[in-house]
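The structure appears right after this line, and notes come after that.
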Amino acid sequence: MEERLTVGRVAELAGVTVRTLHHYDEIGLLRPSMRSAAGYRAYSAEDVERLREVLAYRRLGFGLREIADLVDDPATDTVARLRRLRGLLLEQRDRAAAMVTAIDRELEARAMGIRTTPEEQLKVFGAQLYDAIGSAYPATRRTEPRIAARIWDALGDARTVLNVGAGTGSYEPRDRDVTAVEPSAVMRALRPADAAPCVAATAESLPFEDQSFDAAMAISTVHHWPDPVAGLREMRRVARRVVVLTYDADGTGWRQRFWLTRDYLPEFADLLVGWPSLADLTRAVGGRAEPVLIPWDCADGFFEAYWRRPEAYLDEHVRRAVSVWTRVGPQAEQRAVSRLHEDVSAGRWAERNRDLVTLDAAELGLRLLVG
């Protein structure tokens, strides 16, 4: 028989009051669908699943009316809703990590007798992940021409292009009619004056009609989306061709292929928990995945770009333009940087990675999805 949980037992397990559950019942948000042997109303396994989502959204600060719309969304199933929840929780964690980093810096400044300005003290409380790291982008995040050539070639003869998660506009082809989508106000503000027009929206809910564009592109941004698969499907909906630059985290090989995550930053693995497989991402665009090699002198300062230049990771400006460092948190970052600095200074890094010096390009999991 299906397990039935009484109102009291559910309240105890969930850490809420019986009165809260009665309120959810009264407003139609969560009604027990079964009866106990004694005739009392009871919760089924499906009811408990719904309650889990309701409580998660409540703890994220959503109102009950908003929650009802989210959990009753007919376009999603349980897996899609869990992925959306996970993305929102990661965003909350990233925002908290950015705030902790800002507070740590202020504590260091105060220890040296330096007072931060009122603007600096308040700015972090409105910051999202890209808002926290966005100001560092112009210095190190530039178009890498060899990777750009692959992307633009994959766009084929597309004349109208939608750039989803566009950031500051890197890799936008100048010879095509481009429309950009970017949710972060800071990133939108950093776009050059002559950049393509930019719309404030998210990948999972693109404000365009079906087949509005010849092609849609998303470059090094999918890992920030709350629901990557949903976002890629949206791109397919609005465009006839889809081109995505992303990362392959399948299997166990990725743990060994990059010395930075292997030897200094094992916390990177935590960021990939629940990440869709490359097969899932490829299916979502309805195409194929191609490896993209990273040149040793890559101009775009993404996470793996400095694989032959370890000293770059010791530069605060380089790290601040890469979301990985914010997401792993200041303790992991400081430990990794300190250990890397010691190994570079002592020659241990060079000895351990001497085979890299002869390589002009490296395969570190970068993938171009074309559909």
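Identifiers in this document derive from the order of the structure tokens: chains are assigned A, B, ..., residues are numbered from 1 separately in each chain, and ligands are numbered from 1 in order of occurrence.
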
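By only C-alpha atoms, and with residues fewer than 4 positions from segment 18-32 of chain A along its chain excluded, the set lying at most 8 Å from it is A:Val7, A:Gly8, A:Ala11, A:Arg41, A:Ala42, A:Tyr43, A:Ser44, A:Asp47, A:Arg50, A:Leu51, A:Leu64, A:Ala68.
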
Taking N, CA and C atoms for each residue, export the selection above as a compact mmCIF listing (two decimals), in the first residue's frame.
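As written to disk, out21.txt reads:
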# COMPACT_ATOMS: atom_id res chain seq x y z
N VAL A 7 -0.90 14.69 9.02
CA VAL A 7 -0.52 16.11 9.05
C VAL A 7 0.55 16.34 10.12
N GLY A 8 0.36 15.74 11.29
CA GLY A 8 1.34 15.93 12.37
C GLY A 8 2.70 15.39 12.01
N ALA A 11 4.37 17.66 9.40
CA ALA A 11 4.83 18.89 10.04
C ALA A 11 6.13 18.65 10.79
N ARG A 41 -7.27 13.09 7.25
CA ARG A 41 -6.62 13.44 5.99
C ARG A 41 -5.11 13.13 6.10
N ALA A 42 -4.55 12.65 5.00
CA ALA A 42 -3.15 12.24 5.00
C ALA A 42 -2.49 12.62 3.68
N TYR A 43 -1.15 12.68 3.73
CA TYR A 43 -0.37 13.10 2.57
C TYR A 43 0.19 11.88 1.83
N SER A 44 0.08 11.89 0.52
CA SER A 44 0.68 10.85 -0.32
C SER A 44 2.11 11.24 -0.66
N ASP A 47 2.07 14.31 -2.70
CA ASP A 47 1.82 15.50 -1.88
C ASP A 47 3.12 15.98 -1.22
N ARG A 50 5.33 17.80 -3.63
CA ARG A 50 4.87 19.17 -3.83
C ARG A 50 5.23 20.05 -2.64
N LEU A 51 5.08 19.51 -1.42
CA LEU A 51 5.43 20.28 -0.24
C LEU A 51 6.92 20.63 -0.23
N LEU A 64 3.48 33.09 -1.63
CA LEU A 64 2.66 31.91 -1.85
C LEU A 64 1.97 31.92 -3.22
N ALA A 68 2.56 29.03 -6.11
CA ALA A 68 1.48 28.28 -6.75
C ALA A 68 1.66 28.25 -8.27

- Task: Skip segment 296-307 of chain A itself and residues of its chain fewer than 6 positions away, then list as a ChimeraX atom specification all residues within 12 Å of it, counting only C-alpha atoms.
- Result: /A:136-148,170-171,219-221,246-247,254,257-261,265,268,313-315,317-326,349-350,353-366

- Could you tell me which of A:Val48, A:Leu272, A:Met217, A:Ala284 comes closest to Thr160 of chain A if we count only C-alpha atoms?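 Of A:Val48, A:Leu272, A:Met217, A:Ala284, the one nearest Thr160 of chain A, counting only C-alpha atoms, is A:Met217.
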
- Query: Of the candidates A:Glu66, A:Glu267, A:Asp210, A:Glu108, which shows the shortest atom-to-atom distance to Val328 of chain A, using only C-alpha atoms?
  - Reply: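 Counting only C-alpha atoms, the residue closest to Val328 of chain A is A:Glu267.
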
- Message: Taking the DSSP secondary structure from the backbone, can you list the residues of segment 100-320 of chain A that are alpha helix (DSSP H), as a count of residues only?
- Response: 75

- Query: For Gly165 of chain A, which residue out of A:Ala102, A:Leu245, A:Ala80, A:Leu107 is the nearest one, using only C-alpha atoms?
  - Reply: A:Leu245

- Task: Find the residue from A:Met34, A:Ala203, A:Ala166, A:Ala216 that sits nearest to Arg188 of chain A; use only C-alpha atoms when measuring.
- Result: A:Ala166

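For the residues A:Arg262, A:Arg241, A:His223, A:Arg174, ranking by smallest atom-to-atom distance to Arg352 of chain A using only C-alpha atoms places A:Arg262 first.
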
- Task: Please measure the separation of atom CA of Asp194 of chain A and atom CA of Leu368 of chain A, giving the value in Å to one decimal.
- Result: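 Between atom CA of Asp194 of chain A and atom CA of Leu368 of chain A the gap is 26.8 Å.
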
- Task: Kindly give the distance, in Å, that separates atom CA of Gly231 of chain A and atom CA of Leu70 of chain A, rounded to a single decimal.
- Result: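 We find that atom CA of Gly231 of chain A and atom CA of Leu70 of chain A lie 16.5 Å from each other.
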
- Task: May I have the residues within 9 Å of Val238 of chain A as a PyMOL selection string, using only C-alpha atoms and disregarding those fewer than 6 positions away in the same chain?
- Result: chain A and resi 162+206+208-216

Okay, now the selection with all heavy atoms, as a PDB file, in the first residue's frame?
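Dumped to again_2.pdb:
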ATOM      1  N   LEU A 162      20.616  35.544 -32.542  1.00  0.00           N
ATOM      2  CA  LEU A 162      20.296  35.876 -31.155  1.00  0.00           C
ATOM      3  C   LEU A 162      21.429  35.379 -30.269  1.00  0.00           C
ATOM      4  O   LEU A 162      21.777  34.195 -30.305  1.00  0.00           O
ATOM      5  CB  LEU A 162      18.986  35.203 -30.744  1.00  0.00           C
ATOM      6  CG  LEU A 162      18.541  35.446 -29.295  1.00  0.00           C
ATOM      7  CD1 LEU A 162      18.146  36.903 -29.095  1.00  0.00           C
ATOM      8  CD2 LEU A 162      17.382  34.525 -28.917  1.00  0.00           C
ATOM      9  N   LEU A 206      12.626  33.175 -23.334  1.00  0.00           N
ATOM     10  CA  LEU A 206      13.021  34.163 -24.340  1.00  0.00           C
ATOM     11  C   LEU A 206      11.783  34.873 -24.893  1.00  0.00           C
ATOM     12  O   LEU A 206      10.823  34.209 -25.309  1.00  0.00           O
ATOM     13  CB  LEU A 206      13.780  33.479 -25.476  1.00  0.00           C
ATOM     14  CG  LEU A 206      15.117  32.834 -25.069  1.00  0.00           C
ATOM     15  CD1 LEU A 206      15.701  32.042 -26.233  1.00  0.00           C
ATOM     16  CD2 LEU A 206      16.103  33.895 -24.593  1.00  0.00           C
ATOM     17  N   PHE A 208      10.583  36.033 -27.554  1.00  0.00           N
ATOM     18  CA  PHE A 208      10.530  36.096 -29.007  1.00  0.00           C
ATOM     19  C   PHE A 208       9.610  34.984 -29.536  1.00  0.00           C
ATOM     20  O   PHE A 208       9.448  33.941 -28.900  1.00  0.00           O
ATOM     21  CB  PHE A 208      11.925  35.932 -29.610  1.00  0.00           C
ATOM     22  CG  PHE A 208      12.949  36.898 -29.067  1.00  0.00           C
ATOM     23  CD1 PHE A 208      13.902  36.485 -28.151  1.00  0.00           C
ATOM     24  CD2 PHE A 208      12.935  38.230 -29.458  1.00  0.00           C
ATOM     25  CE1 PHE A 208      14.833  37.368 -27.639  1.00  0.00           C
ATOM     26  CE2 PHE A 208      13.862  39.124 -28.953  1.00  0.00           C
ATOM     27  CZ  PHE A 208      14.810  38.699 -28.037  1.00  0.00           C
ATOM     28  N   GLU A 209       9.055  35.215 -30.710  1.00  0.00           N
ATOM     29  CA  GLU A 209       8.175  34.226 -31.318  1.00  0.00           C
ATOM     30  C   GLU A 209       8.990  33.075 -31.903  1.00  0.00           C
ATOM     31  O   GLU A 209      10.207  33.184 -32.105  1.00  0.00           O
ATOM     32  CB  GLU A 209       7.329  34.891 -32.409  1.00  0.00           C
ATOM     33  CG  GLU A 209       6.364  35.948 -31.871  1.00  0.00           C
ATOM     34  CD  GLU A 209       5.509  36.549 -32.980  1.00  0.00           C
ATOM     35  OE1 GLU A 209       5.708  36.163 -34.148  1.00  0.00           O
ATOM     36  OE2 GLU A 209       4.656  37.396 -32.665  1.00  0.00           O
ATOM     37  N   ASP A 210       8.317  31.980 -32.183  1.00  0.00           N
ATOM     38  CA  ASP A 210       8.971  30.817 -32.777  1.00  0.00           C
ATOM     39  C   ASP A 210       9.675  31.195 -34.078  1.00  0.00           C
ATOM     40  O   ASP A 210       9.148  31.970 -34.889  1.00  0.00           O
ATOM     41  CB  ASP A 210       7.947  29.721 -33.071  1.00  0.00           C
ATOM     42  CG  ASP A 210       7.303  29.156 -31.808  1.00  0.00           C
ATOM     43  OD1 ASP A 210       7.696  29.593 -30.704  1.00  0.00           O
ATOM     44  OD2 ASP A 210       6.416  28.303 -31.933  1.00  0.00           O
ATOM     45  N   GLN A 211      10.899  30.627 -34.236  1.00  0.00           N
ATOM     46  CA  GLN A 211      11.669  30.800 -35.473  1.00  0.00           C
ATOM     47  C   GLN A 211      11.867  32.270 -35.840  1.00  0.00           C
ATOM     48  O   GLN A 211      11.800  32.646 -37.017  1.00  0.00           O
ATOM     49  CB  GLN A 211      10.988  30.059 -36.612  1.00  0.00           C
ATOM     50  CG  GLN A 211      10.762  28.570 -36.339  1.00  0.00           C
ATOM     51  CD  GLN A 211      12.082  27.808 -36.181  1.00  0.00           C
ATOM     52  OE1 GLN A 211      12.801  27.594 -37.144  1.00  0.00           O
ATOM     53  NE2 GLN A 211      12.395  27.400 -34.957  1.00  0.00           N
ATOM     54  N   SER A 212      12.136  33.101 -34.835  1.00  0.00           N
ATOM     55  CA  SER A 212      12.334  34.529 -35.086  1.00  0.00           C
ATOM     56  C   SER A 212      13.715  34.840 -35.670  1.00  0.00           C
ATOM     57  O   SER A 212      13.907  35.897 -36.271  1.00  0.00           O
ATOM     58  CB  SER A 212      12.173  35.319 -33.777  1.00  0.00           C
ATOM     59  OG  SER A 212      10.886  35.174 -33.236  1.00  0.00           O
ATOM     60  N   PHE A 213      14.679  33.926 -35.483  1.00  0.00           N
ATOM     61  CA  PHE A 213      16.052  34.180 -35.899  1.00  0.00           C
ATOM     62  C   PHE A 213      16.577  33.031 -36.759  1.00  0.00           C
ATOM     63  O   PHE A 213      16.141  31.886 -36.637  1.00  0.00           O
ATOM     64  CB  PHE A 213      16.957  34.349 -34.673  1.00  0.00           C
ATOM     65  CG  PHE A 213      16.553  35.479 -33.770  1.00  0.00           C
ATOM     66  CD1 PHE A 213      15.650  35.275 -32.725  1.00  0.00           C
ATOM     67  CD2 PHE A 213      17.054  36.755 -33.968  1.00  0.00           C
ATOM     68  CE1 PHE A 213      15.260  36.313 -31.901  1.00  0.00           C
ATOM     69  CE2 PHE A 213      16.668  37.807 -33.150  1.00  0.00           C
ATOM     70  CZ  PHE A 213      15.772  37.590 -32.112  1.00  0.00           C
ATOM     71  N   ASP A 214      17.550  33.363 -37.591  1.00  0.00           N
ATOM     72  CA  ASP A 214      18.214  32.318 -38.372  1.00  0.00           C
ATOM     73  C   ASP A 214      19.036  31.411 -37.459  1.00  0.00           C
ATOM     74  O   ASP A 214      19.114  30.206 -37.680  1.00  0.00           O
ATOM     75  CB  ASP A 214      19.139  32.943 -39.423  1.00  0.00           C
ATOM     76  CG  ASP A 214      18.375  33.728 -40.481  1.00  0.00           C
ATOM     77  OD1 ASP A 214      17.197  33.386 -40.734  1.00  0.00           O
ATOM     78  OD2 ASP A 214      18.941  34.696 -41.024  1.00  0.00           O
ATOM     79  N   ALA A 215      19.664  32.021 -36.439  1.00  0.00           N
ATOM     80  CA  ALA A 215      20.503  31.241 -35.522  1.00  0.00           C
ATOM     81  C   ALA A 215      20.488  31.861 -34.140  1.00  0.00           C
ATOM     82  O   ALA A 215      20.246  33.066 -33.981  1.00  0.00           O
ATOM     83  CB  ALA A 215      21.941  31.169 -36.038  1.00  0.00           C
ATOM     84  N   ALA A 216      20.727  31.016 -33.132  1.00  0.00           N
ATOM     85  CA  ALA A 216      20.885  31.477 -31.747  1.00  0.00           C
ATOM     86  C   ALA A 216      22.203  30.925 -31.225  1.00  0.00           C
ATOM     87  O   ALA A 216      22.536  29.765 -31.474  1.00  0.00           O
ATOM     88  CB  ALA A 216      19.729  31.005 -30.878  1.00  0.00           C
TER      89      ALA A 216
END

- Item | Picked from segment 125-318 of chain A by DSSP as strand (DSSP E), as a VMD selection string | chain A and resid 160 to 164 177 to 181 198 to 199 213 to 219 239 to 247 288 to 291 294 to 295

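Going from atom CA of Glu351 of chain A over to atom CA of Asp270 of chain A, you cover 28.2 Å.
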
- Item | For Leu155 of chain A: contacts at 8 Å, only C-alpha atoms, fewer than 3 positions along chain excluded, given as a list in words |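 That gives Ile151, Trp152, Ala158, Ala215, Arg241, Val242 and Val243 of chain A.
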
Would you mind exporting the chosen residues as a PDB file, in the first residue's frame, restricted to C-alpha atoms?
ATOM      1  CA  ILE A 151      31.696  29.752 -33.687  1.00  0.00           C
ATOM      2  CA  TRP A 152      31.081  32.018 -36.663  1.00  0.00           C
ATOM      3  CA  ALA A 158      22.602  32.944 -40.740  1.00  0.00           C
ATOM      4  CA  ALA A 215      20.503  31.241 -35.522  1.00  0.00           C
ATOM      5  CA  ARG A 241      20.142  26.857 -35.937  1.00  0.00           C
ATOM      6  CA  VAL A 242      21.739  26.692 -32.476  1.00  0.00           C
ATOM      7  CA  VAL A 243      25.441  27.111 -31.625  1.00  0.00           C
TER       8      VAL A 243
END
